[in-house]
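Student: If it helps, the file is called protein19.cif and holds mmCIF, C-alpha atoms:
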data_data
#
loop_
_atom_site.label_atom_id
_atom_site.label_comp_id
_atom_site.auth_asym_id
_atom_site.auth_seq_id
_atom_site.Cartn_x
_atom_site.Cartn_y
_atom_site.Cartn_z
CA MET Z 70 38.85 84.22 109.78
CA ALA Z 71 40.72 85.68 106.84
CA VAL Z 72 43.48 86.95 109.14
CA ILE Z 73 44.04 83.48 110.58
CA GLY Z 74 44.28 82.06 107.07
CA ARG Z 75 46.81 84.76 106.16
CA LEU Z 76 48.89 83.93 109.23
CA PHE Z 77 49.05 80.28 108.13
CA ALA Z 78 50.01 81.33 104.59
CA ILE Z 79 52.73 83.63 105.92
CA PHE Z 80 54.11 80.92 108.21
CA PHE Z 81 54.07 78.26 105.48
CA GLY Z 82 55.64 80.64 102.96
CA PHE Z 83 58.38 81.53 105.45
CA LEU Z 84 59.15 77.85 106.15
CA VAL Z 85 59.34 76.93 102.47
CA ALA Z 86 61.46 79.99 101.66
CA CYS Z 87 63.90 79.09 104.46
CA ILE Z 88 64.19 75.50 103.24
CA VAL Z 89 64.82 76.64 99.64
CA ALA Z 90 67.38 79.18 100.80
CA SER Z 91 69.11 76.54 102.91
CA VAL Z 92 69.34 74.22 99.90
CA VAL Z 93 70.97 77.01 97.89
CA VAL Z 94 73.42 77.83 100.67
CA LEU Z 95 74.21 74.17 101.28
CA TYR Z 96 75.11 73.45 97.68
CA ALA Z 97 76.90 76.74 97.09
CA ILE Z 98 79.02 76.89 100.24
CA PHE Z 99 79.38 73.33 101.48
CA PHE Z 100 79.78 71.70 98.06
CA PRO Z 101 81.44 74.33 95.81
CA GLU Z 102 83.19 71.71 93.67
CA MET Z 103 79.94 70.01 92.78
CA ASN Z 104 79.39 70.63 89.07
CA ASP Z 105 76.85 67.99 88.10
CA VAL Z 106 73.44 67.52 89.65
CA SER Z 107 72.60 64.00 90.73
CA PHE Z 108 69.34 62.93 92.26
CA ASP Z 109 70.95 60.36 94.55
CA VAL Z 110 69.94 61.79 97.90
CA ASP Z 111 72.32 61.17 100.77
CA GLN Z 112 70.86 61.15 104.26
CA GLY Z 113 73.73 63.35 105.49
CA ALA Z 114 72.84 65.99 102.89
CA ILE Z 115 69.19 65.91 103.97
CA ASN Z 116 70.28 66.34 107.59
CA LEU Z 117 72.46 69.32 106.61
CA ILE Z 118 69.62 70.92 104.64
CA LEU Z 119 67.17 70.52 107.49
CA GLY Z 120 69.69 71.60 110.11
CA PHE Z 121 70.76 74.70 108.21
CA GLY Z 122 67.13 75.47 107.39
CA PHE Z 123 66.19 75.31 111.05
CA ILE Z 124 69.13 77.55 111.92
CA LEU Z 125 67.72 80.10 109.48
CA VAL Z 126 64.22 79.65 110.88
CA SER Z 127 65.36 79.71 114.50
CA GLY Z 128 66.26 83.34 114.64
CA PHE Z 129 68.62 84.69 112.05
CA ALA Z 130 65.94 85.19 109.41
CA LEU Z 131 62.92 85.29 111.68
CA MET Z 132 63.09 88.91 112.79
CA PRO Z 133 63.93 90.46 109.38
CA ALA Z 134 61.27 88.31 107.73
CA LEU Z 135 58.71 89.20 110.39
CA VAL Z 136 59.31 92.91 109.85
CA ILE Z 137 59.12 92.44 106.07
CA ALA Z 138 55.88 90.44 106.36
CA LEU Z 139 54.31 93.07 108.62
CA VAL Z 140 55.26 95.94 106.31
CA THR Z 141 54.08 94.17 103.15
CA GLU Z 142 50.79 93.12 104.76
CA ALA Z 143 50.16 96.57 106.24
CA PHE Z 144 50.76 98.41 102.97
CA SER Z 145 49.47 95.62 100.64
CA ILE Z 146 52.79 95.44 98.78
CA ARG Z 147 52.47 92.71 96.16
CA HIS Z 148 55.30 93.44 93.74
CA ILE Z 149 57.82 90.64 93.23
CA LEU Z 150 60.78 93.04 93.14
CA ALA Z 151 59.96 94.28 96.66
CA TYR Z 152 60.06 90.71 97.94
CA ALA Z 153 63.31 89.97 96.12
CA VAL Z 154 64.99 93.07 97.59
CA ALA Z 155 63.59 92.32 101.05
CA GLY Z 156 64.78 88.70 100.79
CA GLY Z 157 68.24 89.91 99.83
CA PHE Z 158 68.20 92.18 102.88
CA ALA Z 159 67.16 89.24 105.08
CA GLY Z 160 69.99 87.15 103.61
CA LEU Z 161 72.42 89.97 104.36
CA CYS Z 162 71.15 90.13 107.95
CA CYS Z 163 71.52 86.36 108.28
CA TYR Z 164 75.10 86.46 107.02
CA LEU Z 165 76.07 89.38 109.25
CA GLY Z 166 74.54 87.48 112.17
CA PHE Z 167 77.16 84.76 111.67
CA ILE Z 168 80.13 87.16 111.42
CA PRO Z 169 81.82 88.53 114.57
CA PHE Z 170 81.62 92.27 115.04
CA ASP Z 171 84.60 94.23 116.38
CA THR Z 172 83.21 96.94 118.64
CA VAL Z 173 86.53 98.76 118.94
CA ASN Z 174 86.98 99.34 115.21
CA MET Z 175 83.23 99.16 114.43
CA THR Z 176 83.77 96.64 111.61
CA PHE Z 177 82.85 93.08 110.83
CA ASN Z 178 85.81 90.70 110.96
CA GLY Z 179 86.13 87.85 108.49
CA ILE Z 180 83.68 88.74 105.74
CA VAL Z 181 84.11 86.37 102.81
CA ARG Z 182 82.72 87.98 99.69
CA ARG Z 183 81.60 84.74 98.06
CA HIS Z 184 79.70 83.67 101.17
CA LEU Z 185 78.07 87.09 101.38
CA GLU Z 186 76.98 86.83 97.75
CA VAL Z 187 75.62 83.32 98.27
CA MET Z 188 73.61 84.35 101.33
CA VAL Z 189 72.18 87.43 99.61
CA GLY Z 190 71.34 85.35 96.52
CA ALA Z 191 69.68 82.70 98.66
CA GLY Z 192 67.71 85.46 100.39
CA ILE Z 193 66.57 86.82 97.04
CA LEU Z 194 65.41 83.35 95.98
CA GLY Z 195 63.73 82.89 99.36
CA GLY Z 196 61.93 86.22 98.90
CA VAL Z 197 60.68 85.17 95.48
CA ILE Z 198 59.49 81.81 96.86
CA TYR Z 199 57.72 83.63 99.69
CA TRP Z 200 56.09 85.93 97.14
CA MET Z 201 54.86 82.90 95.17
CA ILE Z 202 53.24 81.38 98.27
CA ALA Z 203 52.06 84.31 100.38
CA GLY Z 204 53.16 87.64 98.95
CA ARG Z 205 50.96 87.76 95.87
CA ASN Z 206 47.92 88.23 98.09
CA ALA Z 207 49.43 90.54 100.69
CA GLY Z 208 46.79 92.65 102.38
CA ALA Z 209 43.94 90.82 100.65
CA TRP Z 210 42.41 89.90 103.99
CA ARG Z 211 41.32 93.54 104.45
CA SER Z 212 39.27 93.72 101.27
CA PRO Z 213 35.55 93.00 101.57
CA SER Z 214 34.30 89.61 100.50
CA PRO Z 215 32.77 89.37 97.01
CA ASN Z 216 29.38 88.45 98.53
CA ALA Z 217 29.17 91.67 100.52
CA SER Z 218 27.03 94.36 98.96
CA SER Z 219 28.64 97.71 98.35
CA ALA Z 220 25.52 99.67 99.26
CA PRO Z 221 24.85 100.36 102.92
CA PRO Z 222 21.73 98.85 104.47
CA PRO Z 223 18.54 100.93 104.19
CA MET Z 224 17.82 103.42 106.92
CA PRO Z 225 15.01 102.51 109.35
CA ARG Z 226 11.85 104.64 109.15
#
Using structure tokens, write down the structure from this file.
Tutor:
Amino acid sequence: MAVIGRLFAIFFGFLVACIVASVVVLYAIFFPEMNDVSFDVDQGAINLILGFGFILVSGFALMPALVIALVTEAFSIRHILAYAVAGGFAGLCCYLGFIPFDTVNMTFNGIVRRHLEVMVGAGILGGVIYWMIAGRNAGAWRSPSPNASSAPPPMPR
């Protein structure tokens, strides 16, 4: 049962991290001239946040995040820096997924440095949010429950 609970925590942490990363990307790339924060929520902005978040969830961040979640759960990695670096890597993978690749010259065409920095930064923030929700207890499902005795049962006579 603990594994099923961990799967729900991983899924929820991934969804929240993608939504937070999409908010960062939305405000940094789509509204770069915005210098004051207002709490007047426009329905178009909410639609952009949800749409961009679902683009991230749909496949660009899913595979890197799945690999990262499997590695951190398998090795019980719970350090926040590991999740920040892994989130930055996932953000880099997401950005490079949007950029066309020239197979003749073996280069990416059209990399905008600011957009790359925003995506990596959003990935780092997403990794930290994921750590706050699910990463702090990575691999905890394998540890014995506190009610279990540490001594083996007595041998039959």
Student: Report the distance between CA of Asn116 (chain Z) and CA of Leu135 (chain Z) in Å, rounded to one decimal place.
Tutor: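 Answer for the CA of Asn116 (chain Z) to CA of Leu135 (chain Z) separation: 25.8 Å.
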Student: I want to know what sits within 12 Å of region 71-86 of chain Z, based on all atoms listed in the file, with residues of the same chain fewer than 4 positions away left out; could you give that as a PyMOL selection string?
Tutor: chain Z and resi 90-93+119+122-127+130-135+137-139+141-142+152-153+156+159-160+191-214
Student: For region 171-183 of chain Z, what centre and edge lengths in Å (one decimal) does the axis-aligned box get once 8 Å is added on each side of all its listed atoms, as lines of an AutoDock Vina configuration file?
Tutor:
center_x = 84.3
center_y = 92.0
center_z = 108.5
size_x = 21.4
size_y = 30.6
size_z = 36.9
Student: Restricting the calculation to all atoms listed in the file, which member of Z:Val136, Z:Phe177, Z:Leu185, Z:Pro223 is positioned closest to Tyr164 (chain Z)?
Tutor: Z:Leu185
Student: Mind giving me the straight-line distance from CA of Cys163 (chain Z) to CA of Met188 (chain Z) in Å, one decimal?
Tutor: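 Interatomic distance, CA of Cys163 (chain Z) to CA of Met188 (chain Z): 7.5 Å.
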Student: So how far away is CA of Gly190 (chain Z) from CA of Ala114 (chain Z), in Å?
Tutor: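 Answer for the CA of Ala114 (chain Z) to CA of Gly190 (chain Z) separation: 20.4 Å.
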Student: Would you kindly translate the PyMOL selection byres ((chain Z and resi 179) around 8) into the concrete residues it picks from this file, as a list in words?
Tutor: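 This file gives the following for the PyMOL selection byres ((chain Z and resi 179) around 8): Ile168, Pro169, Phe177, Asn178, Ile180 and Val181 of chain Z.
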Student: Taking all atoms listed in the file into account, name the residue in Z:His148, Z:Met224, Z:Met175, Z:His184 that is nearest to Ile98 (chain Z).
Tutor: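 When distances to Ile98 (chain Z) are compared using all atoms listed in the file, the smallest one comes from Z:His184.
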